[in-house]
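J.: Got a file for you: start.txt, compact mmCIF, C-alpha atoms.
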# COMPACT_ATOMS: atom_id res chain seq x y z
CA MET A 1 -24.70 -125.64 -102.53
CA ASN A 2 -25.26 -123.32 -105.50
CA LYS A 3 -24.23 -126.12 -107.91
CA PHE A 4 -26.73 -128.47 -106.27
CA TRP A 5 -29.69 -126.12 -106.96
CA LYS A 6 -28.56 -125.52 -110.53
CA MET A 7 -28.47 -129.28 -111.08
CA VAL A 8 -31.94 -129.76 -109.54
CA VAL A 9 -33.44 -126.97 -111.66
CA GLY A 10 -31.69 -128.37 -114.75
CA LEU A 11 -33.06 -131.88 -114.10
CA ILE A 12 -36.58 -130.55 -113.58
CA PHE A 13 -36.30 -128.63 -116.84
CA VAL A 14 -35.03 -131.71 -118.73
CA PHE A 15 -37.74 -133.99 -117.31
CA SER A 16 -40.48 -131.48 -118.11
CA LEU A 17 -39.33 -131.37 -121.75
CA THR A 18 -39.37 -135.15 -122.19
CA GLY A 19 -43.17 -135.05 -122.43
CA CYS A 20 -42.88 -132.78 -125.47
CA PHE A 21 -40.98 -135.34 -127.52
CA GLY A 22 -43.63 -138.10 -127.57
CA GLU A 23 -45.58 -138.68 -130.75
CA SER A 24 -49.13 -139.92 -130.87
CA TYR A 25 -50.68 -141.52 -133.90
CA ASN A 26 -54.31 -141.97 -134.76
CA PHE A 27 -54.80 -145.50 -136.06
CA ASN A 28 -58.46 -145.03 -137.01
CA PRO A 29 -59.59 -144.46 -140.58
CA PRO A 30 -59.85 -140.75 -141.34
CA SER A 31 -63.17 -138.99 -141.66
CA VAL A 32 -63.67 -137.51 -145.13
CA LYS A 33 -65.41 -134.24 -145.91
CA LEU A 34 -66.35 -132.57 -149.19
CA SER A 35 -65.56 -128.88 -149.56
CA SER A 36 -66.03 -126.40 -152.39
CA ASN A 37 -66.27 -122.67 -153.02
CA SER A 38 -70.09 -122.82 -153.05
CA THR A 39 -70.45 -124.59 -149.70
CA ILE A 40 -70.36 -122.63 -146.47
CA LYS A 41 -69.14 -125.59 -144.44
CA SER A 42 -67.57 -128.87 -145.44
CA GLU A 43 -69.87 -131.89 -145.46
CA GLU A 44 -68.84 -135.25 -143.98
CA LEU A 45 -69.36 -138.52 -145.84
CA ALA A 46 -70.52 -141.71 -144.09
CA GLU A 47 -68.17 -144.67 -143.67
CA GLY A 48 -69.03 -147.58 -145.93
CA ASN A 49 -66.93 -150.74 -146.28
CA ILE A 50 -63.74 -150.52 -144.24
CA VAL A 51 -60.85 -152.79 -143.39
CA TRP A 52 -58.31 -150.71 -141.46
CA ARG A 53 -55.23 -151.92 -139.62
CA GLY A 54 -53.87 -150.25 -136.53
CA GLU A 55 -50.72 -150.69 -134.53
CA GLY A 56 -48.91 -153.98 -135.10
CA ASN A 57 -50.96 -154.62 -138.27
CA LYS A 58 -53.98 -155.76 -136.20
CA VAL A 59 -57.38 -154.97 -137.70
CA LYS A 60 -58.54 -151.82 -135.90
CA LYS A 61 -61.87 -151.36 -137.65
CA GLU A 62 -63.90 -153.43 -140.07
CA LEU A 63 -67.27 -152.51 -141.56
CA LYS A 64 -69.06 -154.49 -144.23
CA ILE A 65 -72.04 -152.78 -145.83
CA LYS A 66 -73.89 -154.75 -148.50
CA ASP A 67 -76.04 -151.93 -149.85
CA ILE A 68 -74.03 -148.70 -149.93
CA SER A 69 -76.73 -146.98 -151.97
CA SER A 70 -79.23 -147.34 -149.09
CA LEU A 71 -76.62 -146.06 -146.63
CA ALA A 72 -75.91 -143.05 -148.86
CA LYS A 73 -79.61 -142.22 -149.22
CA GLN A 74 -79.93 -142.08 -145.41
CA GLN A 75 -77.33 -139.30 -145.23
CA PRO A 76 -78.13 -135.57 -145.31
CA GLN A 77 -78.13 -134.24 -148.85
CA MET A 78 -75.25 -131.94 -149.86
CA ASN A 79 -75.80 -129.25 -152.50
CA PHE A 80 -73.21 -128.37 -155.12
CA ILE A 81 -73.08 -126.55 -158.45
CA ALA A 82 -72.81 -128.50 -161.71
CA GLY A 83 -69.21 -129.03 -162.84
CA GLU A 84 -67.69 -127.36 -159.79
CA LYS A 85 -64.35 -128.36 -158.28
CA VAL A 86 -64.63 -130.20 -154.96
CA ASP A 87 -61.85 -131.00 -152.48
CA LEU A 88 -61.63 -134.05 -150.24
CA LEU A 89 -60.57 -133.12 -146.69
CA PHE A 90 -59.15 -135.85 -144.46
CA GLU A 91 -59.34 -135.60 -140.65
CA HIS A 92 -55.79 -136.91 -140.23
CA THR A 93 -53.13 -138.33 -142.48
CA ASP A 94 -51.43 -141.01 -140.40
CA PHE A 95 -51.29 -143.24 -143.47
CA ALA A 96 -49.60 -143.40 -146.86
CA SER A 97 -52.07 -143.17 -149.74
CA LYS A 98 -51.85 -145.85 -152.42
CA GLY A 99 -54.82 -144.64 -154.42
CA LEU A 100 -57.97 -142.56 -154.34
CA SER A 101 -61.04 -142.86 -156.56
CA VAL A 102 -64.35 -140.99 -156.69
CA SER A 103 -67.52 -142.19 -158.44
CA VAL A 104 -71.07 -140.92 -158.66
CA TRP A 105 -74.15 -143.04 -159.23
CA GLN A 106 -77.41 -141.84 -160.78
CA ASN A 107 -80.20 -144.31 -161.60
CA GLU A 108 -77.82 -147.29 -161.28
CA LYS A 109 -75.41 -145.68 -163.79
CA LYS A 110 -71.89 -145.26 -162.45
CA SER A 111 -69.56 -142.47 -163.57
CA ASP A 112 -65.93 -142.41 -162.46
CA LEU A 113 -64.59 -138.92 -161.83
CA LYS A 114 -60.99 -137.91 -162.52
CA VAL A 115 -59.20 -137.19 -159.24
CA SER A 116 -56.20 -134.86 -159.18
CA ASP A 117 -54.41 -134.99 -155.81
CA ILE A 118 -57.44 -134.46 -153.51
CA SER A 119 -59.69 -132.58 -155.98
CA PHE A 120 -62.24 -133.58 -158.60
CA ASN A 121 -64.92 -131.92 -160.73
CA LEU A 122 -68.58 -132.84 -160.33
CA PRO A 123 -70.71 -133.88 -163.32
CA LYS A 124 -72.20 -131.10 -165.42
CA ASN A 125 -75.69 -132.63 -165.37
CA LYS A 126 -77.99 -131.57 -162.54
CA GLY A 127 -79.77 -134.10 -160.34
CA GLU A 128 -79.37 -136.27 -157.26
CA TYR A 129 -76.34 -138.55 -157.08
CA VAL A 130 -74.85 -141.07 -154.69
CA ILE A 131 -71.17 -140.24 -154.25
CA GLU A 132 -68.62 -142.94 -153.44
CA VAL A 133 -65.02 -142.28 -152.38
CA ASN A 134 -62.57 -145.20 -152.15
CA LEU A 135 -59.29 -144.69 -150.30
CA HIS A 136 -56.51 -147.29 -150.58
CA THR A 137 -53.61 -146.91 -148.10
CA ASP A 138 -50.82 -148.75 -146.34
CA ARG A 139 -53.25 -149.21 -143.41
CA GLY A 140 -56.07 -150.70 -145.47
CA ASP A 141 -59.04 -149.63 -147.53
CA ALA A 142 -61.90 -147.30 -146.65
CA GLN A 143 -65.03 -146.42 -148.55
CA TYR A 144 -67.16 -143.32 -147.93
CA VAL A 145 -70.60 -142.51 -149.31
CA GLY A 146 -73.11 -139.68 -149.32
CA MET A 147 -75.94 -138.00 -151.24
CA ILE A 148 -75.29 -134.93 -153.35
CA ASN A 149 -77.68 -132.70 -155.24
CA ILE A 150 -76.17 -130.95 -158.24
CA VAL A 151 -77.89 -127.76 -159.35
CA GLU A 152 -77.21 -125.36 -162.22
CA GLN A 153 -75.45 -122.14 -161.39
As structure tokens - that is how I would like this structure written.

T.:
Amino acid sequence: MNKFWKMVVGLIFVFSLTGCFGESYNFNPPSVKLSSNSTIKSEELAEGNIVWRGEGNKVKKELKIKDISSLAKQQPQMNFIAGEKVDLLFEHTDFASKGLSVSVWQNEKKSDLKVSDISFNLPKNKGEYVIEVNLHTDRGDAQYVGMINIVEQ
């Protein structure tokens, strides 16, 4: 009888552990936030144009925005210091990155910023800018936009 109880307890233990081995994946595009030493909290960018595939390569989410500048101008303004280093924070990383680019727009003039890993430096000129982040992955492409105000230190 003692062996019977040991086997029952052992089976209960094994079955309770099987729930710990499952993996869950988030098949949505990640949210993207900007973070720097001068900001108290990280600021989230708005989703622009997105084509993102989920499980089984089916399109999970698709957004098509014709005027990203208007979308960006509707977002809360984020304040940063001229030339400062900014990090891109992703909500989750259930994708393999194939490329990342960051651009700022001021008065219809586009400036591409050099991205190193997940960091980039802001322009040294003060003013209001539309920021655009383009993420290319194995799951698709996602664009994020926002408004930033660059001030002198």

J.: Can you list, as an MDAnalysis selection string, every protein, DNA or RNA residue that comes within 7 Å of segment 43-52 of chain A when you count all atoms listed in the file, leaving out same-chain residues fewer than 2 positions away?

T.: chainID A and resid 29 32:35 41 54 59:65 68 78 139:146

J.: When distances are computed from all atoms listed in the file, which of A:Glu91, A:Asp112, A:Glu84, A:Glu55 shows the smallest separation from Asn134 of chain A?

T.: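 Looking only at the distances to Asn134 of chain A, the closest residue turns out to be A:Asp112.
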
J.: Point out the residue among A:Ser116, A:Asn57, A:Ser97, A:Ser36 with the least atom-to-atom distance to Lys85 of chain A, counting all atoms listed in the file.

T.: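 Among the listed residues, A:Ser36 lies closest to Lys85 of chain A.
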
J.: Hey, which of A:Asn125, A:Gln77, A:Asn37, A:Ser119 ends up closest to Phe90 of chain A? Count all atoms listed in the file.

T.: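 That would be A:Ser119, the residue with the smallest distance to Phe90 of chain A.
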
J.: Which residue out of A:Thr93, A:Gly56, A:His136, A:Glu128 has the minimum interatomic distance to Asn28 of chain A when all atoms listed in the file are used?

T.: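 The answer is A:Thr93, which sits nearest to Asn28 of chain A.
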
J.: What does the structure give for the distance between atom CA of Asp138 of chain A and atom CA of Ala96 of chain A, in Å to one decimal?

T.: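 Distance between the two atoms: 5.5 Å.
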
J.: Would you work out the distance separating atom CA of Val86 of chain A from atom CA of Ser70 of chain A, expressed in Å to one decimal?

T.: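 For atom CA of Val86 of chain A relative to atom CA of Ser70 of chain A, the distance reads 23.3 Å.
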
J.: Measuring atom to atom with all atoms listed in the file, identify which of A:Met7, A:Val130, A:Leu71, A:Leu122 is nearest to Asn107 of chain A.

T.: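 Checking each of A:Met7, A:Val130, A:Leu71, A:Leu122 against Asn107 of chain A, counting all atoms listed in the file, the winner is A:Val130.
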
J.: In terms of the shortest atom-to-atom distance over only C-alpha atoms, which of A:Lys58, A:Arg53, A:Lys3, A:Lys73 is closest to Asn149 of chain A?

T.: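 Among the listed residues, A:Lys73 lies closest to Asn149 of chain A.
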
J.: Skip Ser103 of chain A itself and residues of its chain fewer than 2 positions away, then list as a ChimeraX atom specification all residues within 12 Å of it, counting only C-alpha atoms.

T.: /A:100-101,105-106,108-115,120-123,129-135,143-148

J.: For a test of reading the model, state the distance in Å between atom CA of Leu88 of chain A and atom CA of Ile40 of chain A, rounded to one decimal.

T.: 14.9 Å
